[in-house]
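Read through the structure below, which is laid out as C-alpha coordinates, and then see the notes.
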Amino acid sequence: KKQFKTVECFVNLEQVTLPQKGVVLLECMSNLVANELYSLDGAGDAAVESIHQGILHLKSQCEELVIVSNEVFSGGSDYKGDTLRYLRILAQVNWMLAKEANIVYEVVCGVPVRHKGKGRTT
(Lines give C-alpha, C1' and ligand atoms only; values in the text may rest on other atoms or scores of the structure.)
Protein backbone atom coordinates (compact mmCIF):
# COMPACT_ATOMS: atom_id res chain seq x y z
CA LYS A 1 0.00 0.00 0.00
CA LYS A 2 1.37 3.40 -0.92
CA GLN A 3 1.99 5.79 1.95
CA PHE A 4 1.11 8.99 0.07
CA LYS A 5 -1.71 10.75 -1.73
CA THR A 6 -1.39 12.54 -5.05
CA VAL A 7 -3.03 15.93 -5.43
CA GLU A 8 -2.95 17.37 -8.95
CA CYS A 9 -3.10 21.10 -9.39
CA PHE A 10 -2.10 22.70 -12.69
CA VAL A 11 -2.77 26.32 -11.62
CA ASN A 12 -3.94 28.23 -8.52
CA LEU A 13 -2.01 26.49 -5.73
CA GLU A 14 -3.73 28.76 -3.23
CA GLN A 15 -6.91 26.72 -3.75
CA VAL A 16 -5.33 23.38 -2.76
CA THR A 17 -6.48 21.72 0.44
CA LEU A 18 -4.14 18.96 1.52
CA PRO A 19 -5.66 15.72 2.85
CA GLN A 20 -3.38 15.64 5.92
CA LYS A 21 -0.35 17.30 7.46
CA GLY A 22 2.93 15.74 6.40
CA VAL A 23 5.65 16.04 3.80
CA VAL A 24 4.64 17.53 0.45
CA LEU A 25 6.55 17.15 -2.81
CA LEU A 26 5.66 19.83 -5.34
CA GLU A 27 6.76 18.63 -8.77
CA CYS A 28 7.50 20.62 -10.97
CA MET A 29 7.83 24.38 -10.62
CA SER A 30 8.87 24.93 -14.23
CA ASN A 31 5.61 23.34 -15.42
CA LEU A 32 3.56 25.31 -12.89
CA VAL A 33 5.11 28.58 -14.09
CA ALA A 34 4.24 27.74 -17.71
CA ASN A 35 0.70 26.79 -16.71
CA GLU A 36 0.20 30.00 -14.70
CA LEU A 37 1.56 32.11 -17.55
CA TYR A 38 -0.17 30.52 -20.52
CA SER A 39 -3.25 28.61 -19.33
CA LEU A 40 -6.61 30.34 -19.65
CA ASP A 41 -7.19 29.54 -15.97
CA GLY A 42 -3.73 30.74 -14.93
CA ALA A 43 -2.64 33.98 -13.30
CA GLY A 44 -0.97 35.41 -16.42
CA ASP A 45 1.04 38.52 -15.56
CA ALA A 46 0.43 37.88 -11.84
CA ALA A 47 2.07 34.44 -12.00
CA VAL A 48 4.91 35.17 -9.56
CA GLU A 49 2.60 36.54 -6.88
CA SER A 50 0.04 33.77 -7.42
CA ILE A 51 2.72 31.10 -7.05
CA HIS A 52 4.16 32.84 -3.98
CA GLN A 53 0.74 32.93 -2.31
CA GLY A 54 0.18 29.29 -3.27
CA ILE A 55 3.52 28.26 -1.71
CA LEU A 56 2.66 30.09 1.52
CA HIS A 57 -0.75 28.38 1.51
CA LEU A 58 0.84 24.94 1.07
CA LYS A 59 3.47 25.62 3.75
CA SER A 60 0.71 26.42 6.23
CA GLN A 61 -0.78 22.97 5.68
CA CYS A 62 2.27 20.71 5.85
CA GLU A 63 5.23 19.84 8.04
CA GLU A 64 7.80 19.91 5.22
CA LEU A 65 7.52 21.22 1.67
CA VAL A 66 9.97 19.98 -0.97
CA ILE A 67 9.86 21.80 -4.31
CA VAL A 68 11.46 20.64 -7.55
CA SER A 69 12.31 23.09 -10.30
CA ASN A 70 14.37 22.79 -13.45
CA GLU A 71 17.47 24.62 -14.53
CA VAL A 72 16.59 26.00 -17.93
CA PHE A 73 19.03 28.89 -18.12
CA SER A 74 22.18 27.27 -19.52
CA GLY A 75 20.87 26.80 -23.05
CA GLY A 76 22.06 30.20 -24.22
CA SER A 77 20.91 33.77 -23.89
CA ASP A 78 19.54 34.75 -27.28
CA TYR A 79 15.85 34.33 -26.48
CA LYS A 80 12.99 36.63 -27.36
CA GLY A 81 9.26 36.95 -26.87
CA ASP A 82 7.40 34.38 -24.81
CA THR A 83 10.50 32.23 -24.26
CA LEU A 84 12.37 35.11 -22.66
CA ARG A 85 9.29 36.04 -20.63
CA TYR A 86 8.98 32.46 -19.36
CA LEU A 87 12.67 32.28 -18.42
CA ARG A 88 12.50 35.58 -16.54
CA ILE A 89 9.38 34.58 -14.62
CA LEU A 90 10.85 31.17 -13.73
CA ALA A 91 14.02 32.91 -12.55
CA GLN A 92 11.94 35.21 -10.33
CA VAL A 93 10.03 32.25 -8.90
CA ASN A 94 13.21 30.22 -8.29
CA TRP A 95 14.79 33.23 -6.56
CA MET A 96 11.70 33.66 -4.37
CA LEU A 97 11.69 29.96 -3.50
CA ALA A 98 15.38 29.98 -2.59
CA LYS A 99 14.88 33.06 -0.43
CA GLU A 100 11.96 31.45 1.45
CA ALA A 101 13.54 27.99 1.74
CA ASN A 102 15.40 26.65 4.75
CA ILE A 103 17.55 24.39 2.56
CA VAL A 104 18.40 24.74 -1.14
CA TYR A 105 20.06 22.05 -3.25
CA GLU A 106 21.02 22.03 -6.88
CA VAL A 107 21.55 18.62 -8.41
CA VAL A 108 24.33 18.72 -11.01
CA CYS A 109 24.92 15.52 -13.00
CA GLY A 110 23.28 13.56 -10.19
CA VAL A 111 25.40 15.17 -7.46
CA PRO A 112 23.55 17.32 -4.90
CA VAL A 113 25.20 20.67 -4.19
CA ARG A 114 23.93 22.48 -1.10
CA HIS A 115 23.61 26.26 -1.58
CA LYS A 116 21.73 27.13 1.59
CA GLY A 117 20.96 25.60 4.98
CA LYS A 118 22.16 22.60 6.87
CA GLY A 119 21.68 19.11 5.58
CA ARG A 120 23.37 16.19 3.94
CA THR A 121 25.44 16.77 0.84
CA THR A 122 25.11 13.20 -0.44
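Residue numbering restarts at 1 in every chain; chains get A, B, ... in the order shown in the C-alpha coordinates, and ligands count up from 1 in that same order.
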
For the interface of stretch 51-73 of chain A with stretch 24-35 of chain A (cut-off 9 Å, counting only C-alpha atoms), please tabulate each contacting residue of stretch 51-73 of chain A alongside its nearest pair of atoms and their separation in Å to one decimal, rows sorted by chain and increasing number, as a tab-separated table.
residue	atom	partner	partner_atom	distance
A:Ile51	CA	A:Val33	CA	7.8
A:Leu58	CA	A:Val24	CA	8.3
A:Lys59	CA	A:Val24	CA	8.8
A:Cys62	CA	A:Val24	CA	6.7
A:Glu63	CA	A:Val24	CA	8.0
A:Glu64	CA	A:Val24	CA	6.2
A:Leu65	CA	A:Val24	CA	4.8
A:Val66	CA	A:Leu25	CA	4.8
A:Ile67	CA	A:Leu26	CA	4.8
A:Val68	CA	A:Cys28	CA	5.2
A:Ser69	CA	A:Met29	CA	4.7
A:Asn70	CA	A:Ser30	CA	6.0
A:Glu71	CA	A:Ser30	CA	8.6
A:Val72	CA	A:Ser30	CA	8.6

Could you save those same residues with N, CA, C and O atoms as a PDB file, in the first residue's frame?
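So selection.pdb came out as:
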ATOM      1  N   ILE A  51       1.924  32.249  -7.495  1.00  0.00           N
ATOM      2  CA  ILE A  51       2.717  31.095  -7.052  1.00  0.00           C
ATOM      3  C   ILE A  51       3.225  31.326  -5.636  1.00  0.00           C
ATOM      4  O   ILE A  51       3.185  30.416  -4.795  1.00  0.00           O
ATOM      5  N   LEU A  58       0.426  26.328   0.876  1.00  0.00           N
ATOM      6  CA  LEU A  58       0.838  24.936   1.074  1.00  0.00           C
ATOM      7  C   LEU A  58       1.662  24.774   2.346  1.00  0.00           C
ATOM      8  O   LEU A  58       1.466  23.831   3.109  1.00  0.00           O
ATOM      9  N   LYS A  59       2.612  25.696   2.557  1.00  0.00           N
ATOM     10  CA  LYS A  59       3.466  25.623   3.746  1.00  0.00           C
ATOM     11  C   LYS A  59       2.651  25.639   5.032  1.00  0.00           C
ATOM     12  O   LYS A  59       3.027  24.995   6.013  1.00  0.00           O
ATOM     13  N   CYS A  62       1.408  21.896   5.811  1.00  0.00           N
ATOM     14  CA  CYS A  62       2.269  20.713   5.847  1.00  0.00           C
ATOM     15  C   CYS A  62       3.415  20.899   6.833  1.00  0.00           C
ATOM     16  O   CYS A  62       3.686  22.009   7.289  1.00  0.00           O
ATOM     17  N   GLU A  63       4.071  19.794   7.149  1.00  0.00           N
ATOM     18  CA  GLU A  63       5.228  19.843   8.041  1.00  0.00           C
ATOM     19  C   GLU A  63       6.493  20.195   7.270  1.00  0.00           C
ATOM     20  O   GLU A  63       7.337  20.927   7.769  1.00  0.00           O
ATOM     21  N   GLU A  64       6.641  19.641   6.089  1.00  0.00           N
ATOM     22  CA  GLU A  64       7.795  19.906   5.217  1.00  0.00           C
ATOM     23  C   GLU A  64       7.289  20.055   3.792  1.00  0.00           C
ATOM     24  O   GLU A  64       6.419  19.305   3.352  1.00  0.00           O
ATOM     25  N   LEU A  65       7.864  21.014   3.069  1.00  0.00           N
ATOM     26  CA  LEU A  65       7.522  21.223   1.669  1.00  0.00           C
ATOM     27  C   LEU A  65       8.797  21.133   0.844  1.00  0.00           C
ATOM     28  O   LEU A  65       9.734  21.901   1.063  1.00  0.00           O
ATOM     29  N   VAL A  66       8.835  20.181  -0.072  1.00  0.00           N
ATOM     30  CA  VAL A  66       9.969  19.978  -0.969  1.00  0.00           C
ATOM     31  C   VAL A  66       9.496  20.386  -2.358  1.00  0.00           C
ATOM     32  O   VAL A  66       8.474  19.896  -2.843  1.00  0.00           O
ATOM     33  N   ILE A  67      10.256  21.286  -2.993  1.00  0.00           N
ATOM     34  CA  ILE A  67       9.858  21.797  -4.307  1.00  0.00           C
ATOM     35  C   ILE A  67      10.946  21.479  -5.318  1.00  0.00           C
ATOM     36  O   ILE A  67      12.123  21.726  -5.065  1.00  0.00           O
ATOM     37  N   VAL A  68      10.542  20.950  -6.460  1.00  0.00           N
ATOM     38  CA  VAL A  68      11.464  20.636  -7.549  1.00  0.00           C
ATOM     39  C   VAL A  68      11.248  21.655  -8.660  1.00  0.00           C
ATOM     40  O   VAL A  68      10.114  21.950  -9.043  1.00  0.00           O
ATOM     41  N   SER A  69      12.358  22.201  -9.150  1.00  0.00           N
ATOM     42  CA  SER A  69      12.310  23.090 -10.300  1.00  0.00           C
ATOM     43  C   SER A  69      13.408  22.656 -11.257  1.00  0.00           C
ATOM     44  O   SER A  69      14.288  21.879 -10.884  1.00  0.00           O
ATOM     45  N   ASN A  70      13.362  23.141 -12.458  1.00  0.00           N
ATOM     46  CA  ASN A  70      14.373  22.786 -13.447  1.00  0.00           C
ATOM     47  C   ASN A  70      15.300  23.957 -13.727  1.00  0.00           C
ATOM     48  O   ASN A  70      14.902  25.113 -13.645  1.00  0.00           O
ATOM     49  N   GLU A  71      16.500  23.640 -14.090  1.00  0.00           N
ATOM     50  CA  GLU A  71      17.475  24.625 -14.528  1.00  0.00           C
ATOM     51  C   GLU A  71      17.330  24.717 -16.043  1.00  0.00           C
ATOM     52  O   GLU A  71      17.607  23.771 -16.749  1.00  0.00           O
ATOM     53  N   VAL A  72      16.836  25.840 -16.491  1.00  0.00           N
ATOM     54  CA  VAL A  72      16.591  26.002 -17.929  1.00  0.00           C
ATOM     55  C   VAL A  72      17.382  27.170 -18.501  1.00  0.00           C
ATOM     56  O   VAL A  72      17.106  27.622 -19.606  1.00  0.00           O
TER      57      VAL A  72
END

Quiz item: as a ChimeraX atom specification, which residues of chain A does DSSP assign to helix (DSSP H, G or I)?
Solution: /A:13-15,29-38,44-59,81-100

Next, dump the selected residues to file, keeping only N, CA and C atoms, as a tab-separated table (two decimals), in the first residue's frame.
chain	number	residue	atom	x	y	z
A	13	LEU	N	-2.38	27.26	-6.92
A	13	LEU	CA	-2.01	26.49	-5.73
A	13	LEU	C	-2.74	26.96	-4.48
A	14	GLU	N	-3.09	28.24	-4.44
A	14	GLU	CA	-3.73	28.76	-3.23
A	14	GLU	C	-5.11	28.16	-2.98
A	15	GLN	N	-5.62	27.39	-3.93
A	15	GLN	CA	-6.91	26.72	-3.75
A	15	GLN	C	-6.78	25.27	-3.30
A	29	MET	N	8.04	22.94	-10.58
A	29	MET	CA	7.83	24.38	-10.62
A	29	MET	C	7.89	24.94	-12.04
A	30	SER	N	8.77	24.41	-12.87
A	30	SER	CA	8.87	24.93	-14.23
A	30	SER	C	7.58	24.69	-15.02
A	31	ASN	N	6.91	23.58	-14.77
A	31	ASN	CA	5.61	23.34	-15.42
A	31	ASN	C	4.54	24.25	-14.84
A	32	LEU	N	4.55	24.45	-13.52
A	32	LEU	CA	3.56	25.31	-12.89
A	32	LEU	C	3.68	26.74	-13.42
A	33	VAL	N	4.91	27.24	-13.56
A	33	VAL	CA	5.11	28.58	-14.09
A	33	VAL	C	4.51	28.68	-15.50
A	34	ALA	N	4.80	27.72	-16.35
A	34	ALA	CA	4.24	27.74	-17.71
A	34	ALA	C	2.72	27.71	-17.67
A	35	ASN	N	2.16	26.87	-16.81
A	35	ASN	CA	0.70	26.79	-16.71
A	35	ASN	C	0.10	28.11	-16.24
A	36	GLU	N	0.72	28.72	-15.21
A	36	GLU	CA	0.20	30.00	-14.70
A	36	GLU	C	0.31	31.10	-15.76
A	37	LEU	N	1.37	31.08	-16.53
A	37	LEU	CA	1.56	32.11	-17.55
A	37	LEU	C	0.63	31.95	-18.75
A	38	TYR	N	0.45	30.72	-19.21
A	38	TYR	CA	-0.17	30.52	-20.52
A	38	TYR	C	-1.52	29.82	-20.52
A	44	GLY	N	-1.51	34.51	-15.40
A	44	GLY	CA	-0.97	35.41	-16.42
A	44	GLY	C	0.14	36.28	-15.87
A	45	ASP	N	0.01	37.59	-16.00
A	45	ASP	CA	1.04	38.52	-15.56
A	45	ASP	C	1.25	38.50	-14.05
A	46	ALA	N	0.31	37.98	-13.31
A	46	ALA	CA	0.43	37.88	-11.84
A	46	ALA	C	0.95	36.52	-11.40
A	47	ALA	N	1.62	35.80	-12.29
A	47	ALA	CA	2.07	34.44	-12.00
A	47	ALA	C	2.99	34.35	-10.78
A	48	VAL	N	3.96	35.24	-10.67
A	48	VAL	CA	4.91	35.17	-9.56
A	48	VAL	C	4.18	35.33	-8.23
A	49	GLU	N	3.33	36.32	-8.12
A	49	GLU	CA	2.60	36.54	-6.88
A	49	GLU	C	1.63	35.41	-6.59
A	50	SER	N	0.96	34.89	-7.61
A	50	SER	CA	0.04	33.77	-7.42
A	50	SER	C	0.78	32.54	-6.90
A	51	ILE	N	1.92	32.25	-7.49
A	51	ILE	CA	2.72	31.10	-7.05
A	51	ILE	C	3.23	31.33	-5.64
A	52	HIS	N	3.69	32.53	-5.33
A	52	HIS	CA	4.16	32.84	-3.98
A	52	HIS	C	3.05	32.62	-2.96
A	53	GLN	N	1.86	33.12	-3.22
A	53	GLN	CA	0.74	32.93	-2.31
A	53	GLN	C	0.38	31.45	-2.19
A	54	GLY	N	0.45	30.72	-3.29
A	54	GLY	CA	0.18	29.29	-3.27
A	54	GLY	C	1.19	28.53	-2.42
A	55	ILE	N	2.46	28.91	-2.52
A	55	ILE	CA	3.52	28.26	-1.71
A	55	ILE	C	3.27	28.53	-0.23
A	56	LEU	N	2.95	29.77	0.12
A	56	LEU	CA	2.66	30.09	1.52
A	56	LEU	C	1.45	29.30	2.02
A	57	HIS	N	0.45	29.16	1.17
A	57	HIS	CA	-0.75	28.38	1.51
A	57	HIS	C	-0.39	26.91	1.76
A	58	LEU	N	0.43	26.33	0.88
A	58	LEU	CA	0.84	24.94	1.07
A	58	LEU	C	1.66	24.77	2.35
A	59	LYS	N	2.61	25.70	2.56
A	59	LYS	CA	3.47	25.62	3.75
A	59	LYS	C	2.65	25.64	5.03
A	81	GLY	N	10.70	37.19	-26.99
A	81	GLY	CA	9.26	36.95	-26.87
A	81	GLY	C	8.86	36.13	-25.67
A	82	ASP	N	7.94	35.19	-25.89
A	82	ASP	CA	7.40	34.38	-24.81
A	82	ASP	C	8.44	33.50	-24.13
A	83	THR	N	9.45	33.05	-24.87
A	83	THR	CA	10.50	32.23	-24.26
A	83	THR	C	11.27	33.04	-23.24
A	84	LEU	N	11.65	34.24	-23.59
A	84	LEU	CA	12.37	35.11	-22.66
A	84	LEU	C	11.49	35.46	-21.47
A	85	ARG	N	10.23	35.74	-21.73
A	85	ARG	CA	9.29	36.04	-20.63
A	85	ARG	C	9.21	34.87	-19.66
A	86	TYR	N	9.04	33.66	-20.19
A	86	TYR	CA	8.98	32.46	-19.36
A	86	TYR	C	10.25	32.31	-18.52
A	87	LEU	N	11.41	32.43	-19.14
A	87	LEU	CA	12.67	32.28	-18.42
A	87	LEU	C	12.80	33.32	-17.30
A	88	ARG	N	12.42	34.54	-17.57
A	88	ARG	CA	12.50	35.58	-16.54
A	88	ARG	C	11.55	35.31	-15.38
A	89	ILE	N	10.35	34.88	-15.68
A	89	ILE	CA	9.38	34.58	-14.62
A	89	ILE	C	9.86	33.38	-13.80
A	90	LEU	N	10.33	32.33	-14.47
A	90	LEU	CA	10.85	31.17	-13.73
A	90	LEU	C	12.03	31.57	-12.86
A	91	ALA	N	12.90	32.43	-13.36
A	91	ALA	CA	14.02	32.91	-12.55
A	91	ALA	C	13.52	33.66	-11.32
A	92	GLN	N	12.51	34.49	-11.47
A	92	GLN	CA	11.94	35.21	-10.33
A	92	GLN	C	11.35	34.24	-9.31
A	93	VAL	N	10.64	33.23	-9.80
A	93	VAL	CA	10.03	32.25	-8.90
A	93	VAL	C	11.12	31.44	-8.19
A	94	ASN	N	12.13	30.98	-8.93
A	94	ASN	CA	13.21	30.22	-8.29
A	94	ASN	C	13.94	31.05	-7.24
A	95	TRP	N	14.15	32.34	-7.53
A	95	TRP	CA	14.79	33.23	-6.56
A	95	TRP	C	13.93	33.36	-5.31
A	96	MET	N	12.62	33.56	-5.49
A	96	MET	CA	11.70	33.66	-4.37
A	96	MET	C	11.70	32.39	-3.55
A	97	LEU	N	11.69	31.24	-4.21
A	97	LEU	CA	11.69	29.96	-3.50
A	97	LEU	C	12.98	29.78	-2.70
A	98	ALA	N	14.11	30.12	-3.30
A	98	ALA	CA	15.38	29.98	-2.59
A	98	ALA	C	15.44	30.92	-1.39
A	99	LYS	N	14.91	32.10	-1.53
A	99	LYS	CA	14.88	33.06	-0.43
A	99	LYS	C	14.03	32.55	0.73
A	100	GLU	N	12.89	31.95	0.42
A	100	GLU	CA	11.96	31.45	1.45
A	100	GLU	C	12.40	30.11	2.05

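Here the residues within chain A that DSSP labels strand (DSSP E) on the basis of the backbone are A:Val23, A:Val24, A:Leu25, A:Leu26, A:Glu27, A:Glu64, A:Leu65, A:Val66, A:Ile67, A:Val68, A:Val104, A:Tyr105, A:Glu106, A:Val107, A:Val108, A:Val111, A:Pro112, A:Val113, A:Arg114, A:His115, A:Lys116.
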
Quiz prompt | Pairwise distance for atom CA of A:Lys21 and atom CA of A:Glu8, rounded to one decimal in Å | solution =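 One can read the atom CA of A:Lys21 to atom CA of A:Glu8 distance as 16.6 Å.
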
Quiz item: What's the 6 Å shell around A:Val104, counting only C-alpha atoms, without same-chain residues fewer than 4 positions away, as a ChimeraX atom specification?
Solution: /A:114-116

May I have the selected residues written with N, CA, C and O atoms, as a PDB file, in the first residue's frame?
ATOM      1  N   ARG A 114      24.709  21.660  -2.035  1.00  0.00           N
ATOM      2  CA  ARG A 114      23.933  22.476  -1.101  1.00  0.00           C
ATOM      3  C   ARG A 114      24.342  23.944  -1.255  1.00  0.00           C
ATOM      4  O   ARG A 114      25.512  24.284  -1.164  1.00  0.00           O
ATOM      5  N   HIS A 115      23.364  24.819  -1.458  1.00  0.00           N
ATOM      6  CA  HIS A 115      23.615  26.255  -1.585  1.00  0.00           C
ATOM      7  C   HIS A 115      23.179  27.015  -0.342  1.00  0.00           C
ATOM      8  O   HIS A 115      23.638  28.126  -0.113  1.00  0.00           O
ATOM      9  N   LYS A 116      22.272  26.419   0.434  1.00  0.00           N
ATOM     10  CA  LYS A 116      21.729  27.131   1.595  1.00  0.00           C
ATOM     11  C   LYS A 116      21.258  26.121   2.624  1.00  0.00           C
ATOM     12  O   LYS A 116      20.667  25.106   2.263  1.00  0.00           O
TER      13      LYS A 116
END

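Proximity ranking of A:Gln61, A:Gly110, A:Ala43, A:Gln3 relative to A:Thr17 places A:Gln61 first, based on only C-alpha atoms.
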
Quiz item: How many Å lie between atom CA of A:Ser60 and atom CA of A:Ala101, rounded to one decimal?
Solution: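 Atom-to-atom, atom CA of A:Ser60 and atom CA of A:Ala101 are spaced 13.7 Å apart.
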
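For the pair atom CA of A:Pro112 and atom CA of A:Lys2, the separation is 26.5 Å.
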
Exercise. Compile the contact shell of A:Val7 as a ChimeraX atom specification: residues with an atom at most 9 Å away, counting only C-alpha atoms, same-chain residues fewer than 6 positions apart removed.
Key: /A:16-19
